[in-house]
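Below is one structure; the comments refer to it alone.
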Amino acid sequence: MDIKDRAGRTLEAIVTAIEWVVAAALVVLAAMATWFIVAEFFTVGWAPQEAAAYTAILDGTLFVFVVAELFKIAFAYIRHERVIPTVMEAALVAVARKIVVLDTHVAASELLMKAGSLAILLLAVGVAWLLLTKANPVFGRIPPHDD
């Protein structure tokens, strides 16, 4: 084995270690966000309060789902599996998260600009997913959902 092979294997091992560290950081981030959700929920309590408190809980919950999708991307990347379908799924979840927690208590022009931007993003992700699925029917099936 020459020096190029050893250097290549060493660099590959370093990159794999970095990928695992990123995946572990995503797990820690999801755990911290989940802890925030539970703590916030018990702070708000069961009595009706300001909608902003519940919106913060909902935003945190959806954030955990986005982080879970990012973890799935990292894990698929580490295992050298298809990553693009998972990226598209994460993009849809991220845009949907922003739509669900859209602040409607702002000026009409700002609300229209934000809602229009999110609609364009959602349409772009949807069209991209549709085109990729038409080009490759296997694309639409994401590994945990395959039959």
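Within each chain, counting starts at residue 1; across the structure tokens, chains are named A, B, ... in the order shown, with ligands numbered 1 upward in that order.
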
Between region 1-93 of chain A and region 124-135 of chain A, at 9 Å or less, what are the per-residue closest atom pairs and their distances in Å? Count only C-alpha atoms, order by chain and rising residue number, and return it as CSV.
```
residue,atom,partner,partner_atom,distance
A:Pro85,CA,A:Trp129,CA,8.0
A:Met88,CA,A:Trp129,CA,6.7
A:Glu89,CA,A:Trp129,CA,8.9
A:Ala91,CA,A:Val125,CA,7.0
A:Leu92,CA,A:Val125,CA,6.7
```

Using C-alpha atoms, can you write the selected residues to a file as a compact mmCIF listing (two decimals), in the first residue's frame?
```txt
# COMPACT_ATOMS: atom_id res chain seq x y z
CA PRO A 85 -35.56 12.65 -1.41
CA MET A 88 -36.81 17.50 -0.33
CA GLU A 89 -38.87 16.12 2.55
CA ALA A 91 -37.46 21.32 2.81
CA LEU A 92 -41.21 20.73 2.77
```

Polymer residues at most 8 Å from Leu58 (chain A), only C-alpha atoms, same-chain spacing of 4 or more positions, as a list in words: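 The filter keeps Tyr54, Leu62 and Val101 of chain A.
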
Considering only C-alpha atoms, return as a PyMOL selection string whatever protein or nucleic-acid residues lie within 12 Å of Val93 (chain A), sequence-local ones (same chain, fewer than 4 positions apart) excluded. chain A and resi 59+61-70+86-89+97-100+121-122+125-126

Give me, as number ranges by chain, all polymer residues having an atom no more than 12 Å from Ala76 (chain A), counting only C-alpha atoms and skipping those fewer than 4 positions away in the same chain. A: 19-20, 23, 69-72, 80-87, 142-144

Alpha helix (DSSP H) per DSSP on the backbone: members of region 40-131 of chain A, as a PDB file with N, CA and C atoms, in the first residue's frame:
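Saved the output as result.pdb:
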```
ATOM      1  N   GLU A  40     -41.634  24.633  28.333  1.00  0.00           N
ATOM      2  CA  GLU A  40     -42.534  25.714  27.910  1.00  0.00           C
ATOM      3  C   GLU A  40     -43.993  25.311  28.113  1.00  0.00           C
ATOM      4  N   PHE A  41     -44.296  24.058  27.830  1.00  0.00           N
ATOM      5  CA  PHE A  41     -45.668  23.589  27.992  1.00  0.00           C
ATOM      6  C   PHE A  41     -46.102  23.670  29.452  1.00  0.00           C
ATOM      7  N   PHE A  42     -45.232  23.260  30.366  1.00  0.00           N
ATOM      8  CA  PHE A  42     -45.593  23.322  31.775  1.00  0.00           C
ATOM      9  C   PHE A  42     -45.585  24.749  32.302  1.00  0.00           C
ATOM     10  N   THR A  43     -44.832  25.642  31.665  1.00  0.00           N
ATOM     11  CA  THR A  43     -44.849  27.051  32.039  1.00  0.00           C
ATOM     12  C   THR A  43     -46.184  27.679  31.637  1.00  0.00           C
ATOM     13  N   VAL A  44     -46.653  27.360  30.437  1.00  0.00           N
ATOM     14  CA  VAL A  44     -47.909  27.914  29.939  1.00  0.00           C
ATOM     15  C   VAL A  44     -49.080  27.314  30.697  1.00  0.00           C
ATOM     16  N   ALA A  51     -51.912  33.515  22.603  1.00  0.00           N
ATOM     17  CA  ALA A  51     -51.655  32.580  21.504  1.00  0.00           C
ATOM     18  C   ALA A  51     -50.163  32.479  21.219  1.00  0.00           C
ATOM     19  N   ALA A  52     -49.409  33.528  21.521  1.00  0.00           N
ATOM     20  CA  ALA A  52     -47.971  33.518  21.248  1.00  0.00           C
ATOM     21  C   ALA A  52     -47.255  32.409  22.018  1.00  0.00           C
ATOM     22  N   ALA A  53     -47.730  32.117  23.229  1.00  0.00           N
ATOM     23  CA  ALA A  53     -47.094  31.047  24.019  1.00  0.00           C
ATOM     24  C   ALA A  53     -47.296  29.700  23.346  1.00  0.00           C
ATOM     25  N   TYR A  54     -48.504  29.458  22.849  1.00  0.00           N
ATOM     26  CA  TYR A  54     -48.777  28.196  22.166  1.00  0.00           C
ATOM     27  C   TYR A  54     -48.076  28.144  20.806  1.00  0.00           C
ATOM     28  N   THR A  55     -47.948  29.290  20.166  1.00  0.00           N
ATOM     29  CA  THR A  55     -47.228  29.340  18.898  1.00  0.00           C
ATOM     30  C   THR A  55     -45.767  28.989  19.111  1.00  0.00           C
ATOM     31  N   ALA A  56     -45.181  29.429  20.219  1.00  0.00           N
ATOM     32  CA  ALA A  56     -43.784  29.088  20.534  1.00  0.00           C
ATOM     33  C   ALA A  56     -43.637  27.587  20.748  1.00  0.00           C
ATOM     34  N   ILE A  57     -44.617  26.971  21.417  1.00  0.00           N
ATOM     35  CA  ILE A  57     -44.570  25.519  21.624  1.00  0.00           C
ATOM     36  C   ILE A  57     -44.692  24.796  20.290  1.00  0.00           C
ATOM     37  N   LEU A  58     -45.619  25.236  19.461  1.00  0.00           N
ATOM     38  CA  LEU A  58     -45.805  24.631  18.142  1.00  0.00           C
ATOM     39  C   LEU A  58     -44.565  24.813  17.272  1.00  0.00           C
ATOM     40  N   ASP A  59     -43.972  25.995  17.326  1.00  0.00           N
ATOM     41  CA  ASP A  59     -42.754  26.260  16.552  1.00  0.00           C
ATOM     42  C   ASP A  59     -41.625  25.344  17.010  1.00  0.00           C
ATOM     43  N   GLY A  60     -41.487  25.167  18.310  1.00  0.00           N
ATOM     44  CA  GLY A  60     -40.460  24.266  18.832  1.00  0.00           C
ATOM     45  C   GLY A  60     -40.692  22.827  18.419  1.00  0.00           C
ATOM     46  N   THR A  61     -41.960  22.415  18.434  1.00  0.00           N
ATOM     47  CA  THR A  61     -42.300  21.049  18.027  1.00  0.00           C
ATOM     48  C   THR A  61     -41.943  20.822  16.561  1.00  0.00           C
ATOM     49  N   LEU A  62     -42.314  21.764  15.721  1.00  0.00           N
ATOM     50  CA  LEU A  62     -42.001  21.637  14.296  1.00  0.00           C
ATOM     51  C   LEU A  62     -40.494  21.728  14.052  1.00  0.00           C
ATOM     52  N   PHE A  63     -39.790  22.498  14.890  1.00  0.00           N
ATOM     53  CA  PHE A  63     -38.336  22.568  14.789  1.00  0.00           C
ATOM     54  C   PHE A  63     -37.713  21.199  15.045  1.00  0.00           C
ATOM     55  N   VAL A  64     -38.252  20.470  16.019  1.00  0.00           N
ATOM     56  CA  VAL A  64     -37.742  19.124  16.304  1.00  0.00           C
ATOM     57  C   VAL A  64     -37.918  18.232  15.078  1.00  0.00           C
ATOM     58  N   PHE A  65     -39.056  18.364  14.387  1.00  0.00           N
ATOM     59  CA  PHE A  65     -39.267  17.569  13.175  1.00  0.00           C
ATOM     60  C   PHE A  65     -38.267  17.943  12.081  1.00  0.00           C
ATOM     61  N   VAL A  66     -37.952  19.228  11.954  1.00  0.00           N
ATOM     62  CA  VAL A  66     -36.954  19.652  10.964  1.00  0.00           C
ATOM     63  C   VAL A  66     -35.592  19.065  11.321  1.00  0.00           C
ATOM     64  N   VAL A  67     -35.222  19.119  12.588  1.00  0.00           N
ATOM     65  CA  VAL A  67     -33.937  18.551  13.020  1.00  0.00           C
ATOM     66  C   VAL A  67     -33.917  17.046  12.789  1.00  0.00           C
ATOM     67  N   ALA A  68     -35.053  16.380  13.024  1.00  0.00           N
ATOM     68  CA  ALA A  68     -35.130  14.935  12.764  1.00  0.00           C
ATOM     69  C   ALA A  68     -34.907  14.654  11.282  1.00  0.00           C
ATOM     70  N   GLU A  69     -35.469  15.482  10.416  1.00  0.00           N
ATOM     71  CA  GLU A  69     -35.241  15.315   8.980  1.00  0.00           C
ATOM     72  C   GLU A  69     -33.770  15.553   8.635  1.00  0.00           C
ATOM     73  N   LEU A  70     -33.150  16.536   9.264  1.00  0.00           N
ATOM     74  CA  LEU A  70     -31.726  16.789   9.020  1.00  0.00           C
ATOM     75  C   LEU A  70     -30.883  15.605   9.491  1.00  0.00           C
ATOM     76  N   PHE A  71     -31.279  14.988  10.613  1.00  0.00           N
ATOM     77  CA  PHE A  71     -30.572  13.796  11.075  1.00  0.00           C
ATOM     78  C   PHE A  71     -30.712  12.668  10.056  1.00  0.00           C
ATOM     79  N   LYS A  72     -31.920  12.496   9.512  1.00  0.00           N
ATOM     80  CA  LYS A  72     -32.122  11.471   8.496  1.00  0.00           C
ATOM     81  C   LYS A  72     -31.229  11.730   7.280  1.00  0.00           C
ATOM     82  N   ILE A  73     -31.064  13.003   6.926  1.00  0.00           N
ATOM     83  CA  ILE A  73     -30.187  13.351   5.805  1.00  0.00           C
ATOM     84  C   ILE A  73     -28.749  12.965   6.137  1.00  0.00           C
ATOM     85  N   ALA A  74     -28.302  13.346   7.330  1.00  0.00           N
ATOM     86  CA  ALA A  74     -26.920  13.036   7.728  1.00  0.00           C
ATOM     87  C   ALA A  74     -26.696  11.531   7.769  1.00  0.00           C
ATOM     88  N   PHE A  75     -27.657  10.798   8.307  1.00  0.00           N
ATOM     89  CA  PHE A  75     -27.511   9.351   8.421  1.00  0.00           C
ATOM     90  C   PHE A  75     -27.518   8.687   7.040  1.00  0.00           C
ATOM     91  N   ALA A  76     -28.396   9.153   6.145  1.00  0.00           N
ATOM     92  CA  ALA A  76     -28.419   8.613   4.781  1.00  0.00           C
ATOM     93  C   ALA A  76     -27.107   8.933   4.066  1.00  0.00           C
ATOM     94  N   TYR A  77     -26.563  10.107   4.330  1.00  0.00           N
ATOM     95  CA  TYR A  77     -25.300  10.495   3.712  1.00  0.00           C
ATOM     96  C   TYR A  77     -24.161   9.611   4.212  1.00  0.00           C
ATOM     97  N   ILE A  78     -24.145   9.347   5.509  1.00  0.00           N
ATOM     98  CA  ILE A  78     -23.103   8.491   6.084  1.00  0.00           C
ATOM     99  C   ILE A  78     -23.177   7.084   5.490  1.00  0.00           C
ATOM    100  N   ILE A  84     -31.243  13.014  -1.764  1.00  0.00           N
ATOM    101  CA  ILE A  84     -32.104  14.056  -2.330  1.00  0.00           C
ATOM    102  C   ILE A  84     -33.562  13.920  -1.894  1.00  0.00           C
ATOM    103  N   PRO A  85     -34.166  12.722  -1.887  1.00  0.00           N
ATOM    104  CA  PRO A  85     -35.556  12.650  -1.414  1.00  0.00           C
ATOM    105  C   PRO A  85     -35.717  13.125   0.026  1.00  0.00           C
ATOM    106  N   THR A  86     -34.767  12.800   0.861  1.00  0.00           N
ATOM    107  CA  THR A  86     -34.840  13.217   2.254  1.00  0.00           C
ATOM    108  C   THR A  86     -34.638  14.718   2.386  1.00  0.00           C
ATOM    109  N   VAL A  87     -33.783  15.286   1.550  1.00  0.00           N
ATOM    110  CA  VAL A  87     -33.586  16.736   1.547  1.00  0.00           C
ATOM    111  C   VAL A  87     -34.883  17.438   1.137  1.00  0.00           C
ATOM    112  N   MET A  88     -35.551  16.907   0.122  1.00  0.00           N
ATOM    113  CA  MET A  88     -36.806  17.501  -0.330  1.00  0.00           C
ATOM    114  C   MET A  88     -37.870  17.404   0.765  1.00  0.00           C
ATOM    115  N   GLU A  89     -37.922  16.278   1.453  1.00  0.00           N
ATOM    116  CA  GLU A  89     -38.868  16.118   2.550  1.00  0.00           C
ATOM    117  C   GLU A  89     -38.565  17.117   3.666  1.00  0.00           C
ATOM    118  N   ALA A  90     -37.303  17.302   3.981  1.00  0.00           N
ATOM    119  CA  ALA A  90     -36.914  18.273   5.009  1.00  0.00           C
ATOM    120  C   ALA A  90     -37.275  19.687   4.580  1.00  0.00           C
ATOM    121  N   ALA A  91     -37.105  19.994   3.303  1.00  0.00           N
ATOM    122  CA  ALA A  91     -37.458  21.322   2.805  1.00  0.00           C
ATOM    123  C   ALA A  91     -38.954  21.570   2.944  1.00  0.00           C
ATOM    124  N   LEU A  92     -39.762  20.577   2.615  1.00  0.00           N
ATOM    125  CA  LEU A  92     -41.211  20.729   2.767  1.00  0.00           C
ATOM    126  C   LEU A  92     -41.595  20.939   4.233  1.00  0.00           C
ATOM    127  N   VAL A  93     -40.986  20.183   5.133  1.00  0.00           N
ATOM    128  CA  VAL A  93     -41.280  20.330   6.560  1.00  0.00           C
ATOM    129  C   VAL A  93     -40.860  21.715   7.048  1.00  0.00           C
ATOM    130  N   ALA A  94     -39.702  22.185   6.603  1.00  0.00           N
ATOM    131  CA  ALA A  94     -39.204  23.491   7.040  1.00  0.00           C
ATOM    132  C   ALA A  94     -40.111  24.619   6.553  1.00  0.00           C
ATOM    133  N   VAL A  95     -40.530  24.564   5.303  1.00  0.00           N
ATOM    134  CA  VAL A  95     -41.414  25.609   4.774  1.00  0.00           C
ATOM    135  C   VAL A  95     -42.778  25.530   5.458  1.00  0.00           C
ATOM    136  N   ALA A  96     -43.287  24.320   5.642  1.00  0.00           N
ATOM    137  CA  ALA A  96     -44.575  24.160   6.326  1.00  0.00           C
ATOM    138  C   ALA A  96     -44.502  24.711   7.746  1.00  0.00           C
ATOM    139  N   ARG A  97     -43.381  24.518   8.398  1.00  0.00           N
ATOM    140  CA  ARG A  97     -43.190  25.045   9.754  1.00  0.00           C
ATOM    141  C   ARG A  97     -43.345  26.554   9.766  1.00  0.00           C
ATOM    142  N   LYS A  98     -42.736  27.208   8.812  1.00  0.00           N
ATOM    143  CA  LYS A  98     -42.812  28.667   8.745  1.00  0.00           C
ATOM    144  C   LYS A  98     -44.227  29.141   8.416  1.00  0.00           C
ATOM    145  N   ILE A  99     -44.943  28.372   7.610  1.00  0.00           N
ATOM    146  CA  ILE A  99     -46.317  28.740   7.271  1.00  0.00           C
ATOM    147  C   ILE A  99     -47.212  28.604   8.508  1.00  0.00           C
ATOM    148  N   VAL A 100     -47.040  27.522   9.257  1.00  0.00           N
ATOM    149  CA  VAL A 100     -47.886  27.280  10.423  1.00  0.00           C
ATOM    150  C   VAL A 100     -47.697  28.357  11.484  1.00  0.00           C
ATOM    151  N   ALA A 108     -50.157  44.654   7.016  1.00  0.00           N
ATOM    152  CA  ALA A 108     -50.677  43.872   5.890  1.00  0.00           C
ATOM    153  C   ALA A 108     -49.627  43.680   4.802  1.00  0.00           C
ATOM    154  N   SER A 109     -48.843  44.709   4.523  1.00  0.00           N
ATOM    155  CA  SER A 109     -47.831  44.585   3.466  1.00  0.00           C
ATOM    156  C   SER A 109     -46.746  43.585   3.851  1.00  0.00           C
ATOM    157  N   GLU A 110     -46.350  43.589   5.118  1.00  0.00           N
ATOM    158  CA  GLU A 110     -45.332  42.633   5.580  1.00  0.00           C
ATOM    159  C   GLU A 110     -45.879  41.210   5.567  1.00  0.00           C
ATOM    160  N   LEU A 111     -47.132  41.041   5.999  1.00  0.00           N
ATOM    161  CA  LEU A 111     -47.767  39.732   5.986  1.00  0.00           C
ATOM    162  C   LEU A 111     -47.882  39.196   4.559  1.00  0.00           C
ATOM    163  N   LEU A 112     -48.291  40.053   3.644  1.00  0.00           N
ATOM    164  CA  LEU A 112     -48.416  39.649   2.247  1.00  0.00           C
ATOM    165  C   LEU A 112     -47.060  39.250   1.667  1.00  0.00           C
ATOM    166  N   MET A 113     -46.021  40.000   2.010  1.00  0.00           N
ATOM    167  CA  MET A 113     -44.683  39.686   1.516  1.00  0.00           C
ATOM    168  C   MET A 113     -44.201  38.341   2.071  1.00  0.00           C
ATOM    169  N   LYS A 114     -44.377  38.122   3.377  1.00  0.00           N
ATOM    170  CA  LYS A 114     -43.943  36.857   3.980  1.00  0.00           C
ATOM    171  C   LYS A 114     -44.752  35.681   3.440  1.00  0.00           C
ATOM    172  N   ALA A 115     -46.072  35.836   3.377  1.00  0.00           N
ATOM    173  CA  ALA A 115     -46.925  34.753   2.894  1.00  0.00           C
ATOM    174  C   ALA A 115     -46.633  34.455   1.431  1.00  0.00           C
ATOM    175  N   GLY A 116     -46.422  35.483   0.637  1.00  0.00           N
ATOM    176  CA  GLY A 116     -46.086  35.276  -0.780  1.00  0.00           C
ATOM    177  C   GLY A 116     -44.752  34.565  -0.944  1.00  0.00           C
ATOM    178  N   SER A 117     -43.779  34.954  -0.148  1.00  0.00           N
ATOM    179  CA  SER A 117     -42.465  34.308  -0.217  1.00  0.00           C
ATOM    180  C   SER A 117     -42.551  32.836   0.157  1.00  0.00           C
ATOM    181  N   LEU A 118     -43.300  32.550   1.216  1.00  0.00           N
ATOM    182  CA  LEU A 118     -43.458  31.153   1.637  1.00  0.00           C
ATOM    183  C   LEU A 118     -44.230  30.351   0.599  1.00  0.00           C
ATOM    184  N   ALA A 119     -45.225  30.975  -0.031  1.00  0.00           N
ATOM    185  CA  ALA A 119     -45.979  30.283  -1.081  1.00  0.00           C
ATOM    186  C   ALA A 119     -45.077  29.953  -2.265  1.00  0.00           C
ATOM    187  N   ILE A 120     -44.216  30.884  -2.629  1.00  0.00           N
ATOM    188  CA  ILE A 120     -43.277  30.641  -3.740  1.00  0.00           C
ATOM    189  C   ILE A 120     -42.308  29.519  -3.371  1.00  0.00           C
ATOM    190  N   LEU A 121     -41.797  29.532  -2.142  1.00  0.00           N
ATOM    191  CA  LEU A 121     -40.897  28.461  -1.689  1.00  0.00           C
ATOM    192  C   LEU A 121     -41.592  27.102  -1.699  1.00  0.00           C
ATOM    193  N   LEU A 122     -42.816  27.062  -1.204  1.00  0.00           N
ATOM    194  CA  LEU A 122     -43.567  25.814  -1.178  1.00  0.00           C
ATOM    195  C   LEU A 122     -43.835  25.312  -2.594  1.00  0.00           C
ATOM    196  N   LEU A 123     -44.196  26.212  -3.473  1.00  0.00           N
ATOM    197  CA  LEU A 123     -44.429  25.839  -4.867  1.00  0.00           C
ATOM    198  C   LEU A 123     -43.137  25.344  -5.522  1.00  0.00           C
ATOM    199  N   ALA A 124     -42.027  26.021  -5.262  1.00  0.00           N
ATOM    200  CA  ALA A 124     -40.747  25.619  -5.850  1.00  0.00           C
ATOM    201  C   ALA A 124     -40.330  24.230  -5.381  1.00  0.00           C
ATOM    202  N   VAL A 125     -40.467  23.964  -4.090  1.00  0.00           N
ATOM    203  CA  VAL A 125     -40.104  22.644  -3.570  1.00  0.00           C
ATOM    204  C   VAL A 125     -41.037  21.581  -4.138  1.00  0.00           C
ATOM    205  N   GLY A 126     -42.326  21.892  -4.194  1.00  0.00           N
ATOM    206  CA  GLY A 126     -43.290  20.942  -4.748  1.00  0.00           C
ATOM    207  C   GLY A 126     -43.042  20.635  -6.215  1.00  0.00           C
ATOM    208  N   VAL A 127     -42.763  21.660  -7.008  1.00  0.00           N
ATOM    209  CA  VAL A 127     -42.491  21.461  -8.439  1.00  0.00           C
ATOM    210  C   VAL A 127     -41.182  20.688  -8.625  1.00  0.00           C
ATOM    211  N   ALA A 128     -40.168  21.029  -7.832  1.00  0.00           N
ATOM    212  CA  ALA A 128     -38.902  20.305  -7.928  1.00  0.00           C
ATOM    213  C   ALA A 128     -39.101  18.828  -7.588  1.00  0.00           C
ATOM    214  N   TRP A 129     -39.857  18.557  -6.549  1.00  0.00           N
ATOM    215  CA  TRP A 129     -40.137  17.168  -6.164  1.00  0.00           C
ATOM    216  C   TRP A 129     -40.893  16.450  -7.274  1.00  0.00           C
ATOM    217  N   LEU A 130     -41.897  17.117  -7.852  1.00  0.00           N
ATOM    218  CA  LEU A 130     -42.668  16.527  -8.945  1.00  0.00           C
ATOM    219  C   LEU A 130     -41.780  16.218 -10.147  1.00  0.00           C
ATOM    220  N   LEU A 131     -40.936  17.150 -10.536  1.00  0.00           N
ATOM    221  CA  LEU A 131     -40.058  16.941 -11.693  1.00  0.00           C
ATOM    222  C   LEU A 131     -39.053  15.829 -11.438  1.00  0.00           C
TER     223      LEU A 131
END
```
